[in-house]
Structure formats: structure tokens, C-alpha cells
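K.L.:
For reference, this is model-v4.cif, and it has mmCIF, C-alpha atoms.
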data_start
loop_
_atom_site.group_PDB
_atom_site.id
_atom_site.type_symbol
_atom_site.label_atom_id
_atom_site.label_comp_id
_atom_site.auth_asym_id
_atom_site.auth_seq_id
_atom_site.Cartn_x
_atom_site.Cartn_y
_atom_site.Cartn_z
ATOM 1 C CA MET J 5 -179.612 257.317 234.276
ATOM 2 C CA LEU J 6 -181.572 254.321 232.942
ATOM 3 C CA LEU J 7 -181.819 252.858 236.436
ATOM 4 C CA GLU J 8 -182.703 256.157 238.066
ATOM 5 C CA GLU J 9 -185.414 256.964 235.538
ATOM 6 C CA ASN J 10 -186.756 253.390 235.322
ATOM 7 C CA ILE J 11 -186.335 253.370 231.551
ATOM 8 C CA PRO J 12 -187.246 249.878 230.255
ATOM 9 C CA VAL J 13 -184.644 248.026 228.190
ATOM 10 C CA ASP J 14 -185.685 244.940 226.220
ATOM 11 C CA LEU J 15 -182.337 243.558 225.040
ATOM 12 C CA VAL J 16 -178.675 244.158 225.843
ATOM 13 C CA ALA J 17 -175.539 243.359 223.844
ATOM 14 C CA GLY J 18 -171.879 243.845 224.643
ATOM 15 C CA THR J 19 -168.391 243.605 223.191
ATOM 16 C CA SER J 20 -165.108 243.186 225.081
ATOM 17 C CA ALA J 21 -165.240 244.999 228.453
ATOM 18 C CA GLY J 22 -168.719 246.146 227.438
ATOM 19 C CA ALA J 23 -169.806 242.496 227.442
ATOM 20 C CA TRP J 24 -169.016 242.273 231.136
ATOM 21 C CA PHE J 25 -171.038 245.309 232.091
ATOM 22 C CA ALA J 26 -173.875 244.332 229.779
ATOM 23 C CA ALA J 27 -174.044 241.075 231.724
ATOM 24 C CA PHE J 28 -174.259 242.987 235.010
ATOM 25 C CA TYR J 29 -177.153 245.018 233.649
ATOM 26 C CA ALA J 30 -178.880 241.909 232.273
ATOM 27 C CA LEU J 31 -178.525 240.214 235.657
ATOM 28 C CA GLY J 32 -180.470 243.061 237.212
ATOM 29 C CA TRP J 33 -177.765 244.866 239.166
ATOM 30 C CA ASN J 34 -179.035 247.948 240.951
ATOM 31 C CA TRP J 35 -177.103 251.161 241.532
ATOM 32 C CA PRO J 36 -175.703 250.178 244.985
ATOM 33 C CA ARG J 37 -174.401 246.923 243.486
ATOM 34 C CA PHE J 38 -172.596 248.822 240.723
ATOM 35 C CA GLU J 39 -171.083 251.123 243.337
ATOM 36 C CA ARG J 40 -169.800 248.142 245.335
ATOM 37 C CA PHE J 41 -168.201 246.834 242.182
ATOM 38 C CA THR J 42 -166.053 249.946 241.974
ATOM 39 C CA GLU J 43 -164.437 248.815 245.223
ATOM 40 C CA GLU J 44 -164.057 245.221 244.043
ATOM 41 C CA ILE J 45 -162.120 246.401 240.984
ATOM 42 C CA LYS J 46 -159.241 247.351 243.273
ATOM 43 C CA THR J 47 -158.652 243.672 244.093
ATOM 44 C CA PHE J 48 -158.463 242.439 240.489
ATOM 45 C CA ASN J 49 -154.779 243.225 239.971
ATOM 46 C CA ARG J 50 -153.636 240.884 242.704
ATOM 47 C CA PHE J 51 -150.970 238.494 241.472
ATOM 48 C CA PRO J 52 -152.911 235.256 242.291
ATOM 49 C CA ASN J 53 -155.593 236.285 239.750
ATOM 50 C CA TRP J 54 -153.214 236.101 236.788
ATOM 51 C CA ASP J 55 -151.593 233.124 235.065
ATOM 52 C CA PHE J 56 -148.663 234.113 232.869
ATOM 53 C CA ASN J 57 -147.401 232.294 229.794
ATOM 54 C CA ILE J 58 -143.698 231.621 230.320
ATOM 55 C CA PRO J 59 -142.336 232.175 227.778
ATOM 56 C CA PRO J 60 -145.182 234.265 226.255
ATOM 57 C CA ARG J 61 -145.373 232.511 222.869
ATOM 58 C CA THR J 62 -149.052 233.206 222.181
ATOM 59 C CA ALA J 63 -149.919 235.970 224.649
ATOM 60 C CA ILE J 64 -148.756 237.401 227.944
ATOM 61 C CA LEU J 65 -151.607 235.881 229.961
ATOM 62 C CA LYS J 66 -153.446 232.581 229.799
ATOM 63 C CA GLY J 67 -156.568 234.170 231.266
ATOM 64 C CA ARG J 68 -158.061 231.050 232.838
ATOM 65 C CA LEU J 69 -157.592 232.313 236.382
ATOM 66 C CA ALA J 70 -159.206 235.613 235.421
ATOM 67 C CA ARG J 71 -162.154 233.682 234.019
ATOM 68 C CA ASP J 72 -162.548 231.580 237.175
ATOM 69 C CA ARG J 73 -161.566 233.977 239.953
ATOM 70 C CA ILE J 74 -162.765 237.311 238.628
ATOM 71 C CA ILE J 75 -165.317 237.015 235.808
ATOM 72 C CA ASN J 76 -167.203 233.974 237.047
ATOM 73 C CA ARG J 77 -167.271 235.286 240.592
ATOM 74 C CA THR J 78 -168.751 238.625 239.587
ATOM 75 C CA VAL J 79 -171.534 236.950 237.575
ATOM 76 C CA GLU J 80 -171.991 234.335 240.335
ATOM 77 C CA GLY J 81 -171.607 231.404 237.962
ATOM 78 C CA ARG J 82 -174.801 232.337 236.123
ATOM 79 C CA THR J 83 -175.821 231.330 232.601
ATOM 80 C CA PHE J 84 -177.691 233.168 229.857
ATOM 81 C CA ALA J 85 -180.830 231.318 230.919
ATOM 82 C CA GLU J 86 -180.712 233.124 234.262
ATOM 83 C CA VAL J 87 -180.480 236.748 233.115
ATOM 84 C CA LYS J 88 -183.435 239.068 233.608
ATOM 85 C CA THR J 89 -182.937 240.906 230.304
ATOM 86 C CA PRO J 90 -182.041 239.019 227.087
ATOM 87 C CA LEU J 91 -178.299 239.341 226.556
ATOM 88 C CA TYR J 92 -175.978 238.944 223.549
ATOM 89 C CA ILE J 93 -172.189 238.899 223.826
ATOM 90 C CA VAL J 94 -169.935 239.301 220.800
ATOM 91 C CA ALA J 95 -166.614 237.560 220.155
ATOM 92 C CA ALA J 96 -164.661 236.795 216.975
ATOM 93 C CA ASP J 97 -163.373 233.514 215.515
ATOM 94 C CA ILE J 98 -159.675 234.122 214.987
ATOM 95 C CA PHE J 99 -159.440 231.588 212.136
ATOM 96 C CA THR J 100 -162.493 232.536 210.080
ATOM 97 C CA GLY J 101 -162.930 236.171 211.080
ATOM 98 C CA GLU J 102 -166.600 235.482 211.789
ATOM 99 C CA GLU J 103 -168.640 237.326 214.365
ATOM 100 C CA VAL J 104 -169.724 234.902 217.098
ATOM 101 C CA VAL J 105 -172.732 235.948 219.166
ATOM 102 C CA PHE J 106 -173.285 234.181 222.476
ATOM 103 C CA ASP J 107 -176.857 233.874 223.721
ATOM 104 C CA SER J 108 -176.680 230.630 225.702
ATOM 105 C CA GLY J 109 -174.364 228.781 228.035
ATOM 106 C CA SER J 110 -171.981 230.172 230.637
ATOM 107 C CA LEU J 111 -171.794 233.932 231.043
ATOM 108 C CA ALA J 112 -168.193 233.661 232.220
ATOM 109 C CA ASP J 113 -167.111 231.792 229.081
ATOM 110 C CA ALA J 114 -168.828 234.299 226.809
ATOM 111 C CA ILE J 115 -167.346 237.306 228.617
ATOM 112 C CA ARG J 116 -163.879 235.741 228.736
ATOM 113 C CA ALA J 117 -164.051 235.089 224.980
ATOM 114 C CA SER J 118 -165.124 238.653 224.252
ATOM 115 C CA LEU J 119 -162.287 239.979 226.434
ATOM 116 C CA SER J 120 -159.564 238.008 224.633
ATOM 117 C CA LEU J 121 -157.426 240.884 223.446
ATOM 118 C CA PRO J 122 -154.796 239.419 221.076
ATOM 119 C CA VAL J 123 -151.222 239.428 222.378
ATOM 120 C CA LEU J 124 -152.374 240.309 225.886
ATOM 121 C CA VAL J 125 -154.559 237.227 226.564
ATOM 122 C CA ASP J 126 -154.759 233.783 224.964
ATOM 123 C CA THR J 127 -157.642 232.992 222.675
ATOM 124 C CA TRP J 128 -160.554 231.319 224.437
ATOM 125 C CA GLN J 129 -161.298 227.810 223.166
ATOM 126 C CA TYR J 130 -165.016 227.145 223.259
ATOM 127 C CA GLN J 131 -167.117 224.601 221.358
ATOM 128 C CA GLY J 132 -164.378 223.946 218.826
ATOM 129 C CA ARG J 133 -163.625 227.608 218.122
ATOM 130 C CA PHE J 134 -160.696 229.827 219.026
ATOM 131 C CA LEU J 135 -162.235 233.128 220.058
ATOM 132 C CA VAL J 136 -160.822 236.615 220.508
ATOM 133 C CA ASP J 137 -162.014 240.113 221.400
ATOM 134 C CA GLY J 138 -165.358 240.908 219.774
ATOM 135 C CA GLY J 139 -164.233 244.455 219.067
ATOM 136 C CA ILE J 140 -162.266 243.121 216.110
ATOM 137 C CA VAL J 141 -165.462 242.392 214.181
ATOM 138 C CA ASN J 142 -168.168 244.485 215.845
ATOM 139 C CA PRO J 143 -166.879 247.198 218.191
ATOM 140 C CA LEU J 144 -170.272 248.589 219.174
ATOM 141 C CA PRO J 145 -172.810 245.799 218.533
ATOM 142 C CA ALA J 146 -175.906 247.791 217.671
ATOM 143 C CA SER J 147 -176.264 245.639 214.553
ATOM 144 C CA VAL J 148 -176.715 242.570 216.783
ATOM 145 C CA LEU J 149 -179.741 244.232 218.320
ATOM 146 C CA ARG J 150 -181.133 245.477 215.014
ATOM 147 C CA ASP J 151 -181.002 241.922 213.692
ATOM 148 C CA ARG J 152 -183.194 240.916 216.622
ATOM 149 C CA GLY J 153 -185.834 243.543 216.034
ATOM 150 C CA ALA J 154 -184.581 246.609 217.894
ATOM 151 C CA ASP J 155 -186.012 249.880 216.650
ATOM 152 C CA ILE J 156 -184.469 252.205 219.249
ATOM 153 C CA ILE J 157 -180.891 251.712 220.428
ATOM 154 C CA ILE J 158 -178.823 253.718 222.897
ATOM 155 C CA ALA J 159 -175.094 253.197 222.437
ATOM 156 C CA SER J 160 -172.519 254.400 224.946
ATOM 157 C CA SER J 161 -168.978 254.908 223.699
ATOM 158 C CA VAL J 162 -165.943 256.319 225.474
ATOM 159 C CA VAL J 163 -163.416 255.768 222.718
ATOM 160 C CA ARG J 164 -161.734 258.800 221.212
ATOM 161 C CA PRO J 165 -164.163 260.398 218.742
ATOM 162 C CA MET J 166 -163.477 259.423 215.141
ATOM 163 C CA PRO J 167 -164.246 261.552 212.082
ATOM 164 C CA ALA J 168 -166.282 258.813 210.442
ATOM 165 C CA VAL J 169 -170.061 259.172 210.378
ATOM 166 C CA VAL J 170 -172.104 256.469 212.071
ATOM 167 C CA SER J 171 -174.749 255.071 209.751
ATOM 168 C CA PRO J 172 -178.061 253.915 211.267
ATOM 169 C CA GLY J 173 -178.147 250.775 209.072
ATOM 170 C CA ARG J 174 -176.681 247.313 209.707
ATOM 171 C CA GLY J 175 -173.289 247.626 211.291
ATOM 172 C CA SER J 176 -174.253 251.168 212.144
ATOM 173 C CA ALA J 177 -172.252 251.188 215.327
ATOM 174 C CA ARG J 178 -168.991 250.466 213.546
ATOM 175 C CA ARG J 179 -166.550 253.291 213.202
ATOM 176 C CA ALA J 180 -163.419 253.712 211.175
ATOM 177 C CA GLY J 181 -160.418 252.885 213.316
ATOM 178 C CA ARG J 182 -160.707 251.907 216.965
ATOM 179 C CA GLY J 183 -163.873 251.520 218.949
ATOM 180 C CA ALA J 184 -165.986 248.980 220.698
ATOM 181 C CA GLY J 185 -168.842 248.556 223.048
ATOM 182 C CA THR J 186 -171.926 247.053 224.498
ATOM 183 C CA ALA J 187 -175.248 247.422 222.835
ATOM 184 C CA ALA J 188 -178.648 247.013 224.326
ATOM 185 C CA ARG J 189 -181.698 246.543 222.207
ATOM 186 C CA ALA J 190 -185.107 247.914 222.974
ATOM 187 C CA GLY J 191 -188.396 246.941 221.410
ATOM 188 C CA ALA J 192 -190.940 249.347 219.993
ATOM 189 C CA GLY J 193 -191.557 252.179 222.389
ATOM 190 C CA HIS J 194 -188.652 251.212 224.629
ATOM 191 C CA LEU J 195 -185.006 252.133 224.787
ATOM 192 C CA GLY J 196 -181.910 249.998 224.399
ATOM 193 C CA LEU J 197 -178.497 250.552 225.910
ATOM 194 C CA ALA J 198 -175.154 250.088 224.208
ATOM 195 C CA ARG J 199 -171.859 250.261 226.007
ATOM 196 C CA ASP J 200 -168.453 250.691 224.525
ATOM 197 C CA GLN J 201 -165.748 248.015 224.468
ATOM 198 C CA ALA J 202 -163.224 250.549 225.619
ATOM 199 C CA PHE J 203 -165.274 251.179 228.749
ATOM 200 C CA ALA J 204 -162.086 250.755 230.769
ATOM 201 C CA LEU J 205 -162.487 249.631 234.366
ATOM 202 C CA GLY J 206 -161.032 252.872 235.663
ATOM 203 C CA ALA J 207 -163.394 254.987 233.604
ATOM 204 C CA LEU J 208 -166.354 252.890 234.691
ATOM 205 C CA ALA J 209 -165.338 253.110 238.312
ATOM 206 C CA GLY J 210 -165.184 256.883 238.044
ATOM 207 C CA GLU J 211 -168.611 257.080 236.468
ATOM 208 C CA LEU J 212 -170.233 254.712 238.928
ATOM 209 C CA ALA J 213 -168.720 256.594 241.830
ATOM 210 C CA GLY J 214 -170.548 259.680 240.653
ATOM 211 C CA ALA J 215 -167.462 261.380 239.229
ATOM 212 C CA ALA J 216 -169.121 262.255 235.965
ATOM 213 C CA ASP J 217 -167.618 265.715 236.186
ATOM 214 C CA ARG J 218 -164.237 264.164 235.375
ATOM 215 C CA PHE J 219 -165.449 263.349 231.903
ATOM 216 C CA GLY J 220 -167.307 266.535 231.137
ATOM 217 C CA PRO J 221 -170.819 266.733 229.676
ATOM 218 C CA LEU J 222 -172.204 263.882 227.640
ATOM 219 C CA ALA J 223 -172.518 264.443 223.943
ATOM 220 C CA GLY J 224 -175.417 262.698 222.198
ATOM 221 C CA LEU J 225 -175.640 262.029 218.483
ATOM 222 C CA LEU J 226 -179.035 260.928 217.260
ATOM 223 C CA LEU J 227 -178.855 259.266 213.857
ATOM 224 C CA GLY J 228 -182.109 257.690 212.789
ATOM 225 C CA ARG J 229 -183.067 255.789 215.939
ATOM 226 C CA LEU J 230 -179.553 255.031 217.121
ATOM 227 C CA LEU J 231 -178.360 257.245 219.960
ATOM 228 C CA VAL J 232 -174.620 257.203 220.596
ATOM 229 C CA VAL J 233 -173.629 258.746 223.910
ATOM 230 C CA VAL J 234 -169.989 259.809 224.100
ATOM 231 C CA PRO J 235 -168.434 261.166 227.311
ATOM 232 C CA GLN J 236 -166.102 264.033 226.395
ATOM 233 C CA LEU J 237 -162.766 262.657 227.588
ATOM 234 C CA HIS J 238 -159.592 264.694 227.446
ATOM 235 C CA PHE J 239 -156.640 262.929 225.844
ATOM 236 C CA ALA J 240 -153.039 264.062 226.107
ATOM 237 C CA GLU J 241 -151.458 264.398 222.695
ATOM 238 C CA ASN J 242 -148.056 262.853 222.105
ATOM 239 C CA ALA J 243 -145.281 265.425 222.034
#
Represent the structure of the file as C-alpha cells.
P.N.:
Amino acid sequence: MLLEENIPVDLVAGTSAGAWFAAFYALGWNWPRFERFTEEIKTFNRFPNWDFNIPPRTAILKGRLARDRIINRTVEGRTFAEVKTPLYIVAADIFTGEEVVFDSGSLADAIRASLSLPVLVDTWQYQGRFLVDGGIVNPLPASVLRDRGADIIIASSVVRPMPAVVSPGRGSARRAGRGAGTAARAGAGHLGLARDQAFALGALAGELAGAADRFGPLAGLLLGRLLVVVPQLHFAENA
């Protein structure tokens, strides 16, 4: 919708899988490029793209091949200095519990760090830190954008709705329980986009392919000047 309506976005932030798609947006991908990506996704599960830990003492995957063969290829080896829209990617320091916000250096390293889901993938060692999935500390990083002057933020979340109320203050995008995403910050008079960490590749592929009807109508919750857009997914309850 943002691309179709030419809605200006001043800043973008992302967590976990949302970091990847925030980078695509910041690099200036157009709609046809996003649609082509839905086809590329089908090649990601090929065995040569994955390096397993044997035995899996720290995690199932090392994740270096994924960084080099998948992530870096999709962002074409670019750095933060080369994006068209300022970008912030969130990871977490596994030893200190601190939020780590990338805004310089390699896009692939930042995305790989933010995608480091504990147990599944090894931590990403970068500049003396051991980094894991940013969703642990800031699932939907609207606060990252607020700290940088955003006054209007659009946040997209596809995680299962939680009963907690989202506060428009610092950390406003955090919910009780699970959740994560990408946030985009917009300056005065402009809109910002936030995308959810749990924006699973399959769900994204469906949306980009124009299969929005699979998810049902979008539900928007406007709290202050934070807009959280939640596709109405249907989850099967455990028996």
C-alpha cells in the first residue's frame, strides 16, 4: 500500500525477519522486485545453504552459509551507507541483555544478528559481542524510531493478538508474551512503517503475491500516533 500510494517514509527499523524486509524497503525495492522475491524464497531451503552443528551443542545451525549465500545475496552486499531510507536493525547481546541497534556497517551482518533465534541458530559474533534475535528485547521496534524523532509510526504485526494494551510511549510496540517486528519511522507530516518479527517468509510470500484474502481484512489500532496493523490470521487451536 505504501508503495502504491507513494506514501513517504523517513526512517525504517526492523527486528528478526522484519529486519530483512525493512532492509529491502530501505534499499528501495519496488513492487515487482518484492514479487520476484516470493519466487526466490523457494530456493532457500536447499541443503547447500545450511551448515549444521554436529553435534548441535549450541544450536542446530551455524548460520554462516545463510548469511553469505542467502542474506548477503539478497541485499547485494550493501552497507547501511548505501540504503535510500535510513535503516535501524535491532539485535540483543546475549550476555548483557542489552538492545543493540545497527545503523552502520554490513547489512548482512546486522540482519544475520537479528535473525539469530536461540537454539535454532548460533549467536552472531560481531565487534566483540555475541548477538541473538532482536525480538528478545524489542519485538516491534517503534521505540527505536521514537528515540530518533518519529512522531508518526505505522507498525505491522502478524503475531497472534495478545490481550495486552499497546502504549504509545517508549517501548510502545512491546507486547506481553510473543511478538516482534520491523518499525519504520516517519518525520513530521510523514508516515513510518513497522513490520513484525514474526513476518514469516510464507506469510510474506502470500501477501506479496496478492493473496491478502488468505489473511482476511486488516485490523488497525490507532493509539496516539502509533498505528499497529494486524492481519487477521486464523490459528488452529490445540486439541
K.L.:
What is the CA of Asp72 in chain J-CA of Leu91 in chain J distance in Å, reported with one decimal?
P.N.:
20.5 Å
K.L.:
Write out as a list in words the residues lying within 12 Å of Ile64 in chain J, counting all atoms listed in the file and excluding same-chain residues fewer than 5 positions away.
P.N.:
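Close residues of Ile64 in chain J: Trp54, Asp55, Phe56, Asn57, Ile58, Pro59, Ser120, Leu121, Pro122, Val123, Leu124, Val125, Asp126 and Thr127 of chain J.
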K.L.:
Quote the spacing between CA of Ile75 in chain J and CA of Asp113 in chain J in Å to one decimal place.
P.N.:
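Value for the CA of Ile75 in chain J-CA of Asp113 in chain J distance: 8.7 Å.
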K.L.:
Selected by the PyMOL selection byres ((chain J and resi 79) around 9) in the shown coordinates: which residues, as a CSV table (one decimal) with C-alpha atoms, in the frame of the given file?
P.N.:
chain,number,residue,atom,x,y,z
J,24,TRP,CA,-169.0,242.3,231.1
J,27,ALA,CA,-174.0,241.1,231.7
J,28,PHE,CA,-174.3,243.0,235.0
J,31,LEU,CA,-178.5,240.2,235.7
J,74,ILE,CA,-162.8,237.3,238.6
J,75,ILE,CA,-165.3,237.0,235.8
J,76,ASN,CA,-167.2,234.0,237.0
J,77,ARG,CA,-167.3,235.3,240.6
J,78,THR,CA,-168.8,238.6,239.6
J,80,GLU,CA,-172.0,234.3,240.3
J,81,GLY,CA,-171.6,231.4,238.0
J,82,ARG,CA,-174.8,232.3,236.1
J,83,THR,CA,-175.8,231.3,232.6
J,111,LEU,CA,-171.8,233.9,231.0
J,112,ALA,CA,-168.2,233.7,232.2
K.L.:
Kindly indicate which residue among J:Pro52, J:Arg116, J:Gly67, J:Tyr92 lies nearest to Tyr29 in chain J, using only C-alpha atoms for the distances.
P.N.:
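Looking only at the distances to Tyr29 in chain J, the closest residue turns out to be J:Tyr92.
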K.L.:
Choose the residue, out of J:Ser147, J:Glu9, J:Phe25, J:Pro36, that has the smallest atom-to-atom separation from Ser118 in chain J; count only C-alpha atoms.
P.N.:
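Smallest distance to Ser118 in chain J is found for J:Phe25.
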K.L.:
Nearest residue to Ile140 in chain J out of J:Ala70, J:Arg50, J:Glu102, J:Ile45, using only C-alpha atoms?
P.N.:
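For Ile140 in chain J, the nearest of the candidates is J:Glu102.
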K.L.:
Evaluate the PyMOL selection byres ((chain J and resi 108) around 8) against this structure - the residues, as a list of chain:residue names, please.
P.N.:
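In the shown coordinates, the PyMOL selection byres ((chain J and resi 108) around 8) covers J:Thr83, J:Phe84, J:Ala85, J:Phe106, J:Asp107, J:Gly109, J:Ser110, J:Leu111.
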K.L.:
Keeping C-alpha atoms for every residue in the selection just given, could you write it to a file as a PDB file, in the frame of the given file?
P.N.:
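Ended up saving to result_1.pdb:
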ATOM      1  CA  THR J  83    -175.821 231.330 232.601  1.00  0.00           C
ATOM      2  CA  PHE J  84    -177.691 233.168 229.857  1.00  0.00           C
ATOM      3  CA  ALA J  85    -180.830 231.318 230.919  1.00  0.00           C
ATOM      4  CA  PHE J 106    -173.285 234.181 222.476  1.00  0.00           C
ATOM      5  CA  ASP J 107    -176.857 233.874 223.721  1.00  0.00           C
ATOM      6  CA  GLY J 109    -174.364 228.781 228.035  1.00  0.00           C
ATOM      7  CA  SER J 110    -171.981 230.172 230.637  1.00  0.00           C
ATOM      8  CA  LEU J 111    -171.794 233.932 231.043  1.00  0.00           C
TER       9      LEU J 111
END
